[in-house]
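*Asks:* mmCIF, C-alpha atoms, saved as protein_27.cif, coming up:
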data_model
loop_
_atom_site.label_atom_id
_atom_site.label_comp_id
_atom_site.auth_asym_id
_atom_site.auth_seq_id
_atom_site.Cartn_x
_atom_site.Cartn_y
_atom_site.Cartn_z
CA MET A 1 -0.73 -40.57 19.40
CA GLN A 2 -1.13 -38.17 22.29
CA LEU A 3 0.69 -35.47 20.32
CA LEU A 4 -1.51 -36.09 17.28
CA ASP A 5 -4.66 -35.84 19.39
CA GLN A 6 -3.40 -32.63 20.96
CA GLY A 7 -2.68 -31.24 17.49
CA LYS A 8 -6.24 -32.00 16.36
CA VAL A 9 -7.68 -30.28 19.42
CA GLU A 10 -5.56 -27.16 18.80
CA GLU A 11 -6.55 -27.15 15.12
CA GLU A 12 -10.23 -27.16 16.05
CA GLN A 13 -9.62 -24.33 18.51
CA HIS A 14 -7.92 -22.29 15.80
CA LYS A 15 -10.82 -22.91 13.41
CA SER A 16 -13.29 -21.52 15.92
CA VAL A 17 -11.17 -18.40 16.36
CA PHE A 18 -10.84 -17.92 12.60
CA LYS A 19 -14.62 -18.24 12.22
CA GLU A 20 -15.03 -15.26 14.54
CA TYR A 21 -12.66 -13.10 12.49
CA ARG A 22 -13.83 -14.13 9.02
CA PRO A 23 -17.14 -12.20 8.99
CA LYS A 24 -15.32 -9.03 10.08
CA ALA A 25 -12.66 -9.47 7.40
CA GLU A 26 -15.27 -10.14 4.71
CA TYR A 27 -17.31 -7.15 5.83
CA TYR A 28 -14.24 -4.93 5.44
CA ILE A 29 -13.42 -6.41 2.04
CA CYS A 30 -16.97 -5.71 0.83
CA ALA A 31 -16.68 -2.16 2.19
CA CYS A 32 -13.44 -1.65 0.24
CA LEU A 33 -15.16 -2.89 -2.90
CA ASN A 34 -18.08 -0.50 -2.34
CA ARG A 35 -20.47 -3.46 -1.99
CA SER A 36 -21.66 -2.97 1.57
CA ASN A 37 -25.22 -1.77 2.11
CA SER A 38 -24.29 0.05 5.33
CA THR A 39 -20.82 1.58 5.32
CA ASN A 40 -18.28 1.62 2.50
CA VAL A 41 -14.71 2.84 2.63
CA ARG A 42 -14.44 6.34 1.18
CA ARG A 43 -12.59 6.89 -2.09
CA THR A 44 -11.01 9.95 -3.61
CA PRO A 45 -12.44 11.24 -6.91
CA GLY A 46 -9.55 9.43 -8.61
CA GLY A 47 -10.54 6.10 -7.00
CA LEU A 48 -8.02 5.73 -4.15
CA LEU A 49 -9.23 4.26 -0.87
CA TYR A 50 -9.23 7.06 1.68
CA ILE A 51 -9.24 6.62 5.47
CA ARG A 52 -7.57 9.73 6.86
CA LYS A 53 -5.28 12.58 5.90
CA TRP A 54 -2.21 11.44 7.85
CA ASN A 55 -0.31 8.79 5.88
CA ASN A 56 -3.32 7.37 4.07
CA MET A 57 -1.16 5.04 1.97
CA GLN A 58 -0.58 2.73 4.93
CA TYR A 59 -4.28 1.83 4.77
CA VAL A 60 -4.27 1.52 0.98
CA SER A 61 -1.30 -0.86 0.88
CA SER A 62 -2.56 -2.98 3.79
CA ALA A 63 -6.06 -3.21 2.29
CA ALA A 64 -4.57 -4.17 -1.08
CA PHE A 65 -2.54 -6.90 0.63
CA LEU A 66 -5.59 -8.24 2.48
CA LEU A 67 -7.65 -8.32 -0.72
CA THR A 68 -4.82 -10.04 -2.58
CA VAL A 69 -4.53 -12.80 0.03
CA TYR A 70 -8.31 -13.24 0.17
CA SER A 71 -8.48 -13.42 -3.62
CA ASP A 72 -5.95 -16.26 -3.51
CA HIS A 73 -8.01 -17.99 -0.83
CA LEU A 74 -11.17 -17.83 -2.94
CA ARG A 75 -9.35 -19.11 -6.00
CA SER A 76 -7.75 -22.04 -4.18
CA THR A 77 -11.01 -23.10 -2.52
CA GLY A 78 -13.33 -22.42 -5.46
CA GLN A 79 -15.47 -20.03 -3.41
CA LYS A 80 -16.99 -16.61 -3.98
CA LEU A 81 -17.58 -13.70 -1.65
CA THR A 82 -21.17 -12.67 -0.94
CA CYS A 83 -21.62 -9.07 0.18
CA SER A 84 -24.68 -7.71 1.96
CA GLY A 85 -25.29 -5.00 -0.63
CA GLY A 86 -27.63 -6.88 -2.95
CA GLY A 87 -26.22 -10.33 -2.26
CA GLU A 88 -24.00 -10.25 -5.34
CA GLN A 89 -21.27 -12.85 -5.43
CA LEU A 90 -17.76 -11.67 -6.21
CA GLY A 91 -15.04 -13.91 -7.56
CA PRO A 92 -11.28 -13.69 -7.06
CA GLU A 93 -10.69 -11.91 -10.38
CA GLU A 94 -12.97 -9.01 -9.50
CA ILE A 95 -11.31 -8.57 -6.12
CA LEU A 96 -7.85 -8.71 -7.66
CA GLY A 97 -8.98 -6.26 -10.33
CA PHE A 98 -9.68 -3.69 -7.64
CA VAL A 99 -6.25 -4.36 -6.12
CA LYS A 100 -4.69 -3.59 -9.51
CA SER A 101 -6.58 -0.29 -9.66
CA GLN A 102 -5.02 0.74 -6.34
CA VAL A 103 -1.55 -0.28 -7.51
CA HIS A 104 -2.01 1.64 -10.77
CA TYR A 105 -2.98 4.71 -8.77
CA ILE A 106 0.08 4.38 -6.52
CA LEU A 107 2.40 4.00 -9.50
CA GLY A 108 1.16 7.11 -11.32
CA ASP A 109 -2.27 6.52 -12.86
CA ASN A 110 -3.87 9.29 -10.82
CA PRO A 111 -5.00 12.93 -11.24
CA MET A 112 -1.57 14.24 -10.18
CA ALA A 113 0.24 11.90 -12.60
CA MET A 114 2.56 11.25 -9.66
CA SER A 115 4.12 7.96 -8.63
CA TYR A 116 3.93 7.78 -4.84
CA LEU A 117 6.54 5.02 -4.83
CA VAL A 118 9.80 6.97 -4.63
CA GLY A 119 12.21 6.20 -7.46
CA TYR A 120 9.56 4.67 -9.73
CA GLY A 121 8.62 6.40 -12.97
CA SER A 122 9.58 9.81 -14.25
CA ARG A 123 7.68 11.81 -11.61
CA TYR A 124 7.75 10.97 -7.92
CA PRO A 125 8.11 12.93 -4.63
CA GLN A 126 11.41 14.85 -4.49
CA ARG A 127 11.16 16.22 -0.94
CA VAL A 128 10.41 13.16 1.16
CA HIS A 129 10.09 13.78 4.91
CA HIS A 130 13.07 11.55 5.74
CA ARG A 131 16.28 12.58 7.50
CA GLY A 132 18.57 10.28 5.51
CA ALA A 133 17.10 11.50 2.24
CA SER A 134 17.26 15.19 3.08
CA THR A 135 20.82 15.32 4.51
CA GLU A 136 23.88 15.26 2.27
CA SER A 137 26.03 12.16 2.43
CA TYR A 138 29.40 12.20 4.20
CA ARG A 139 31.08 11.61 0.83
CA ARG A 140 29.91 15.03 -0.32
CA ASN A 141 29.99 16.90 2.98
CA LYS A 142 32.51 15.75 5.58
CA GLY A 143 31.53 18.39 8.08
CA PHE A 144 29.89 17.45 11.37
CA ILE A 145 26.13 17.07 11.06
CA GLY A 146 24.36 16.31 14.31
CA CYS A 147 20.62 16.13 14.95
CA THR A 148 20.32 19.90 15.27
CA GLN A 149 22.43 20.64 12.20
CA GLY A 150 20.56 18.07 10.14
CA TYR A 151 17.31 19.83 10.91
CA ASP A 152 18.52 23.43 10.74
CA ASN A 153 20.77 23.11 7.69
CA TRP A 154 18.84 20.68 5.50
CA PHE A 155 15.24 20.10 6.50
CA GLY A 156 14.08 23.65 5.95
CA ARG A 157 15.61 24.15 2.50
CA LYS A 158 12.79 25.54 0.38
CA GLY A 159 12.25 24.26 -3.14
CA ARG A 160 15.37 22.15 -3.39
CA PRO A 161 14.92 18.38 -3.87
CA ASN A 162 16.47 15.90 -1.48
CA PRO A 163 20.11 15.01 -2.22
CA ASN A 164 19.35 11.30 -1.75
CA VAL A 165 16.54 9.23 -3.29
CA VAL A 166 14.95 6.67 -0.97
CA VAL A 167 14.14 4.18 -3.71
CA GLY A 168 11.12 2.03 -2.88
CA ALA A 169 9.70 4.27 -0.17
CA LEU A 170 5.92 4.68 -0.28
CA VAL A 171 4.95 8.13 1.00
CA GLY A 172 1.72 9.13 2.73
CA GLY A 173 0.08 10.11 -0.54
CA PRO A 174 -2.60 12.59 -1.64
CA ASP A 175 -5.48 14.10 0.28
CA GLU A 176 -9.17 13.29 -0.11
CA THR A 177 -9.35 15.36 -3.31
CA ASP A 178 -6.30 13.66 -4.91
CA LEU A 179 -4.06 16.70 -4.29
CA PHE A 180 -0.46 16.25 -3.16
CA ARG A 181 1.97 18.91 -1.88
CA ASP A 182 5.60 17.82 -2.25
CA GLU A 183 7.24 19.55 0.73
CA ARG A 184 9.36 18.10 3.55
CA SER A 185 7.32 19.95 6.15
CA ASN A 186 4.14 18.32 4.82
CA TYR A 187 4.82 15.15 6.79
CA MET A 188 1.23 13.92 6.57
CA GLN A 189 1.74 13.38 2.84
CA THR A 190 5.51 13.09 2.29
CA GLU A 191 6.67 10.95 5.21
CA ALA A 192 7.94 7.53 4.14
CA CYS A 193 7.20 4.57 6.44
CA THR A 194 8.45 0.99 6.28
CA TYR A 195 4.97 -0.40 6.98
CA ASN A 196 3.66 1.39 3.89
CA THR A 197 6.07 -0.40 1.58
CA ALA A 198 6.04 -3.74 3.46
CA MET A 199 2.44 -4.54 2.51
CA LEU A 200 2.94 -3.30 -1.04
CA VAL A 201 5.86 -5.71 -1.56
CA GLY A 202 3.54 -8.67 -1.13
CA VAL A 203 1.01 -7.24 -3.59
CA LEU A 204 3.65 -6.47 -6.21
CA ALA A 205 5.14 -9.95 -5.79
CA LYS A 206 1.73 -11.46 -6.54
CA LEU A 207 1.19 -9.27 -9.60
CA ARG A 208 4.70 -10.02 -10.81
CA GLY A 209 3.97 -13.73 -10.57
CA LEU A 210 0.76 -13.27 -12.55
CA ASP A 211 2.70 -11.31 -15.17
CA GLU A 212 5.21 -14.13 -15.56
CA ASP A 213 2.43 -16.69 -15.94
CA HIS A 214 0.55 -14.39 -18.33
CA LEU A 215 3.56 -13.68 -20.52
CA SER A 216 4.77 -17.27 -20.60
CA SER A 217 1.38 -18.39 -21.92
CA ASP A 218 1.28 -15.71 -24.61
CA SER A 219 4.51 -14.21 -25.96
CA ASN A 220 2.59 -11.29 -27.51
CA SER A 221 0.90 -10.20 -24.29
CA GLN A 222 1.74 -7.01 -22.39
CA PRO A 223 2.39 -7.03 -18.62
CA LEU A 224 -0.68 -6.67 -16.43
CA VAL A 225 1.17 -4.06 -14.35
CA SER A 226 4.42 -2.49 -15.47
CA LEU A 227 6.98 -2.95 -12.70
CA SER A 228 10.11 -1.97 -14.61
#
As structure tokens, what does this structure read like?
*Replies:*
Amino acid sequence: MQLLDQGKVEEEQHKSVFKEYRPKAEYYICACLNRSNSTNVRRTPGGLLYIRKWNNMQYVSSAAFLLTVYSDHLRSTGQKLTCSGGGEQLGPEEILGFVKSQVHYILGDNPMAMSYLVGYGSRYPQRVHHRGASTESYRRNKGFIGCTQGYDNWFGRKGRPNPNVVVGALVGGPDETDLFRDERSNYMQTEACTYNTAMLVGVLAKLRGLDEDHLSSDSNSQPLVSLS
């Protein structure tokens, strides 16, 4: 009984902490959806959330993950989100719809017609700022390649694509005008980071699950997002 009572006390403490964070999270979600009457998150002309020029995709993928989780929360609790900009109530489908727009952009539905997820689609970054991708494998080149040689011999090769494709890497992405320069030295846009892809995995898993439910209910339906 003492353990149960202690558990109830801790649960109440957690609830009070969550209540402090919830308004901040909801404010940010409204800002992402362009429904805040004070400050909204900037977007590129093509519709991508834009925070800063250095590795902007980390913010896009993390925001998409947050919105996906919150959409699930609203659906499971039967609630809606009320934003300060006009007091309009938003349901889970509208929030998830915006998430899909960000995923579509990442996968190639953008002004550059470029998939920023390496290895996906017919056009994706070829000169990722990544040592393993830009250095030949030992199978092809058995010569000694140290840190200095890897940089001097491979990093600075102009025009040539990387010998290795880092499948699944999400690069930094385009600038505030939707432009992207595919060069190894352009690390602000071409560097691949694990925390970019990590958040996107959760979003894609959710959309994949929705696709399976959608297709199983209607054999003639097309996938909501093509992941093949």
*Asks:* Taking the file as shown, what set of residues would the PyMOL selection byres ((chain A and resi 22-35) around 12) give back, as an MDAnalysis selection string?
*Replies:* chainID A and resid 15:21 36:43 47:51 59:60 62:71 74 80:92 94:99 101:102
*Asks:* Applied to the shown file, which residues does the PyMOL selection byres ((chain A and resi 112) around 10) return, written as a list in words?
*Replies:*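 Applying the PyMOL selection byres ((chain A and resi 112) around 10) to the structure shown produces Gly46, Tyr105, Gly108, Asp109, Asn110, Pro111, Ala113, Met114, Ser115, Arg123, Pro174, Asp178, Leu179 and Phe180 of chain A.
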*Asks:* Could you tell me how far CA of Gly119 in chain A lies from CA of Val201 in chain A, in Å and to one decimal?
*Replies:*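 Separation between CA of Gly119 in chain A and CA of Val201 in chain A: 14.7 Å.
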*Asks:* Using all atoms listed in the file, which of the listed residues (A:Glu191, A:Thr148, A:Tyr138, A:Val128) sits closest to Arg160 in chain A?
*Replies:*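 When distances to Arg160 in chain A are compared using all atoms listed in the file, the smallest one comes from A:Val128.
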*Asks:* I want to know what sits within 12 Å of Ala205 in chain A, based on only C-alpha atoms, with residues of the same chain fewer than 4 positions away left out; could you give that as a PyMOL selection string?
*Replies:* chain A and resi 65+68-69+103+198-201+209-212+225+227
*Asks:* Write a file of the selected residues as an mmCIF file, in the coordinates of the input, keeping C-alpha atoms.
*Replies:*
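Ended up saving to out_11.cif:
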data_model
loop_
_atom_site.group_PDB
_atom_site.id
_atom_site.type_symbol
_atom_site.label_atom_id
_atom_site.label_comp_id
_atom_site.auth_asym_id
_atom_site.auth_seq_id
_atom_site.Cartn_x
_atom_site.Cartn_y
_atom_site.Cartn_z
ATOM 1 C CA PHE A 65 -2.540 -6.900 0.630
ATOM 2 C CA THR A 68 -4.820 -10.040 -2.580
ATOM 3 C CA VAL A 69 -4.530 -12.800 0.030
ATOM 4 C CA VAL A 103 -1.550 -0.280 -7.510
ATOM 5 C CA ALA A 198 6.040 -3.740 3.460
ATOM 6 C CA MET A 199 2.440 -4.540 2.510
ATOM 7 C CA LEU A 200 2.940 -3.300 -1.040
ATOM 8 C CA VAL A 201 5.860 -5.710 -1.560
ATOM 9 C CA GLY A 209 3.970 -13.730 -10.570
ATOM 10 C CA LEU A 210 0.760 -13.270 -12.550
ATOM 11 C CA ASP A 211 2.700 -11.310 -15.170
ATOM 12 C CA GLU A 212 5.210 -14.130 -15.560
ATOM 13 C CA VAL A 225 1.170 -4.060 -14.350
ATOM 14 C CA LEU A 227 6.980 -2.950 -12.700
#
*Asks:* So what do you get for CA of Gly121 in chain A versus CA of Val165 in chain A, distance-wise?
*Replies:* 12.8 Å
*Asks:* Nearest to Asn141 in chain A among A:Val118, A:Thr177, A:Pro163, A:Lys206, with distances taken over all atoms listed in the file: which residue is it?
*Replies:* A:Pro163
*Asks:* How would you write, as an NGL selection string, the residues chosen by the PyMOL selection byres ((chain A and resi 185) around 8) on this structure?
*Replies:* :A and (129 or 155-156 or 183-184 or 186-187)
*Asks:* How many Å lie between CA of Asn164 in chain A and CA of Ala133 in chain A, rounded to one decimal?
*Replies:*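 So the two atoms, CA of Asn164 in chain A and CA of Ala133 in chain A, lie 4.6 Å apart.
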*Asks:* Pick from A:Asn55, A:Ser76, A:Thr135, A:Thr44: nearest to Gly173 in chain A, with only C-alpha atoms counted?
*Replies:*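 Nearest candidate to Gly173 in chain A out of A:Asn55, A:Ser76, A:Thr135, A:Thr44: A:Asn55.
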*Asks:* Which residue out of A:Gln126, A:Thr190, A:Thr77, A:Asn162 has the minimum interatomic distance to Trp54 in chain A when all atoms listed in the file are used?
*Replies:*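 Counting all atoms listed in the file, the residue closest to Trp54 in chain A is A:Thr190.
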*Asks:* Just write range 114-140 of chain A with N, CA and C atoms, as a PDB file, in the first residue's frame, taken from the block above.
*Replies:*
ATOM      1  N   MET A 114      14.295  17.714 -55.517  1.00  0.00           N
ATOM      2  CA  MET A 114      15.400  16.988 -54.914  1.00  0.00           C
ATOM      3  C   MET A 114      14.921  16.277 -53.654  1.00  0.00           C
ATOM      4  N   SER A 115      15.215  14.977 -53.559  1.00  0.00           N
ATOM      5  CA  SER A 115      14.966  14.268 -52.320  1.00  0.00           C
ATOM      6  C   SER A 115      16.143  14.528 -51.388  1.00  0.00           C
ATOM      7  N   TYR A 116      15.866  15.037 -50.201  1.00  0.00           N
ATOM      8  CA  TYR A 116      16.939  15.319 -49.247  1.00  0.00           C
ATOM      9  C   TYR A 116      17.230  14.128 -48.350  1.00  0.00           C
ATOM     10  N   LEU A 117      16.523  13.029 -48.597  1.00  0.00           N
ATOM     11  CA  LEU A 117      16.812  11.761 -47.932  1.00  0.00           C
ATOM     12  C   LEU A 117      17.686  10.951 -48.891  1.00  0.00           C
ATOM     13  N   VAL A 118      18.960  10.826 -48.560  1.00  0.00           N
ATOM     14  CA  VAL A 118      19.937  10.212 -49.466  1.00  0.00           C
ATOM     15  C   VAL A 118      19.535   8.770 -49.795  1.00  0.00           C
ATOM     16  N   GLY A 119      19.557   8.463 -51.091  1.00  0.00           N
ATOM     17  CA  GLY A 119      19.221   7.113 -51.542  1.00  0.00           C
ATOM     18  C   GLY A 119      17.771   6.930 -51.906  1.00  0.00           C
ATOM     19  N   TYR A 120      16.928   7.946 -51.628  1.00  0.00           N
ATOM     20  CA  TYR A 120      15.508   7.842 -51.957  1.00  0.00           C
ATOM     21  C   TYR A 120      15.222   8.613 -53.234  1.00  0.00           C
ATOM     22  N   GLY A 121      14.501   7.993 -54.148  1.00  0.00           N
ATOM     23  CA  GLY A 121      14.115   8.659 -55.379  1.00  0.00           C
ATOM     24  C   GLY A 121      15.220   8.657 -56.414  1.00  0.00           C
ATOM     25  N   SER A 122      14.963   9.323 -57.512  1.00  0.00           N
ATOM     26  CA  SER A 122      15.916   9.341 -58.623  1.00  0.00           C
ATOM     27  C   SER A 122      16.913  10.495 -58.522  1.00  0.00           C
ATOM     28  N   ARG A 123      16.635  11.470 -57.649  1.00  0.00           N
ATOM     29  CA  ARG A 123      17.521  12.631 -57.525  1.00  0.00           C
ATOM     30  C   ARG A 123      17.690  12.992 -56.056  1.00  0.00           C
ATOM     31  N   TYR A 124      18.881  12.802 -55.559  1.00  0.00           N
ATOM     32  CA  TYR A 124      19.201  13.104 -54.167  1.00  0.00           C
ATOM     33  C   TYR A 124      20.652  13.587 -54.095  1.00  0.00           C
ATOM     34  N   PRO A 125      21.095  14.184 -52.995  1.00  0.00           N
ATOM     35  CA  PRO A 125      22.449  14.719 -52.890  1.00  0.00           C
ATOM     36  C   PRO A 125      23.520  13.661 -53.192  1.00  0.00           C
ATOM     37  N   GLN A 126      24.478  14.017 -54.041  1.00  0.00           N
ATOM     38  CA  GLN A 126      25.540  13.103 -54.460  1.00  0.00           C
ATOM     39  C   GLN A 126      26.872  13.398 -53.766  1.00  0.00           C
ATOM     40  N   ARG A 127      26.978  14.552 -53.132  1.00  0.00           N
ATOM     41  CA  ARG A 127      28.246  14.957 -52.521  1.00  0.00           C
ATOM     42  C   ARG A 127      28.024  15.302 -51.054  1.00  0.00           C
ATOM     43  N   VAL A 128      27.555  14.317 -50.313  1.00  0.00           N
ATOM     44  CA  VAL A 128      27.241  14.513 -48.900  1.00  0.00           C
ATOM     45  C   VAL A 128      28.527  14.799 -48.111  1.00  0.00           C
ATOM     46  N   HIS A 129      28.447  15.738 -47.195  1.00  0.00           N
ATOM     47  CA  HIS A 129      29.582  16.079 -46.339  1.00  0.00           C
ATOM     48  C   HIS A 129      29.703  14.995 -45.271  1.00  0.00           C
ATOM     49  N   HIS A 130      30.390  13.913 -45.623  1.00  0.00           N
ATOM     50  CA  HIS A 130      30.457  12.723 -44.773  1.00  0.00           C
ATOM     51  C   HIS A 130      31.716  11.954 -45.158  1.00  0.00           C
ATOM     52  N   ARG A 131      32.621  11.744 -44.198  1.00  0.00           N
ATOM     53  CA  ARG A 131      33.910  11.133 -44.519  1.00  0.00           C
ATOM     54  C   ARG A 131      33.757   9.729 -45.102  1.00  0.00           C
ATOM     55  N   GLY A 132      32.899   8.910 -44.487  1.00  0.00           N
ATOM     56  CA  GLY A 132      32.724   7.549 -44.986  1.00  0.00           C
ATOM     57  C   GLY A 132      32.158   7.507 -46.391  1.00  0.00           C
ATOM     58  N   ALA A 133      31.315   8.491 -46.718  1.00  0.00           N
ATOM     59  CA  ALA A 133      30.707   8.515 -48.047  1.00  0.00           C
ATOM     60  C   ALA A 133      31.687   9.010 -49.099  1.00  0.00           C
ATOM     61  N   SER A 134      32.574   9.915 -48.708  1.00  0.00           N
ATOM     62  CA  SER A 134      33.442  10.559 -49.693  1.00  0.00           C
ATOM     63  C   SER A 134      34.800   9.882 -49.879  1.00  0.00           C
ATOM     64  N   THR A 135      35.102   8.851 -49.087  1.00  0.00           N
ATOM     65  CA  THR A 135      36.375   8.127 -49.201  1.00  0.00           C
ATOM     66  C   THR A 135      36.133   6.743 -49.784  1.00  0.00           C
ATOM     67  N   GLU A 136      36.950   6.350 -50.742  1.00  0.00           N
ATOM     68  CA  GLU A 136      36.792   5.029 -51.356  1.00  0.00           C
ATOM     69  C   GLU A 136      36.936   3.918 -50.328  1.00  0.00           C
ATOM     70  N   SER A 137      36.222   2.839 -50.553  1.00  0.00           N
ATOM     71  CA  SER A 137      36.296   1.702 -49.644  1.00  0.00           C
ATOM     72  C   SER A 137      37.632   0.966 -49.795  1.00  0.00           C
ATOM     73  N   TYR A 138      38.001   0.226 -48.774  1.00  0.00           N
ATOM     74  CA  TYR A 138      39.262  -0.535 -48.808  1.00  0.00           C
ATOM     75  C   TYR A 138      39.230  -1.589 -49.904  1.00  0.00           C
ATOM     76  N   ARG A 139      38.050  -2.081 -50.231  1.00  0.00           N
ATOM     77  CA  ARG A 139      37.930  -3.085 -51.297  1.00  0.00           C
ATOM     78  C   ARG A 139      38.422  -2.537 -52.625  1.00  0.00           C
ATOM     79  N   ARG A 140      38.195  -1.266 -52.859  1.00  0.00           N
ATOM     80  CA  ARG A 140      38.599  -0.648 -54.123  1.00  0.00           C
ATOM     81  C   ARG A 140      39.983  -0.006 -54.051  1.00  0.00           C
TER      82      ARG A 140
END
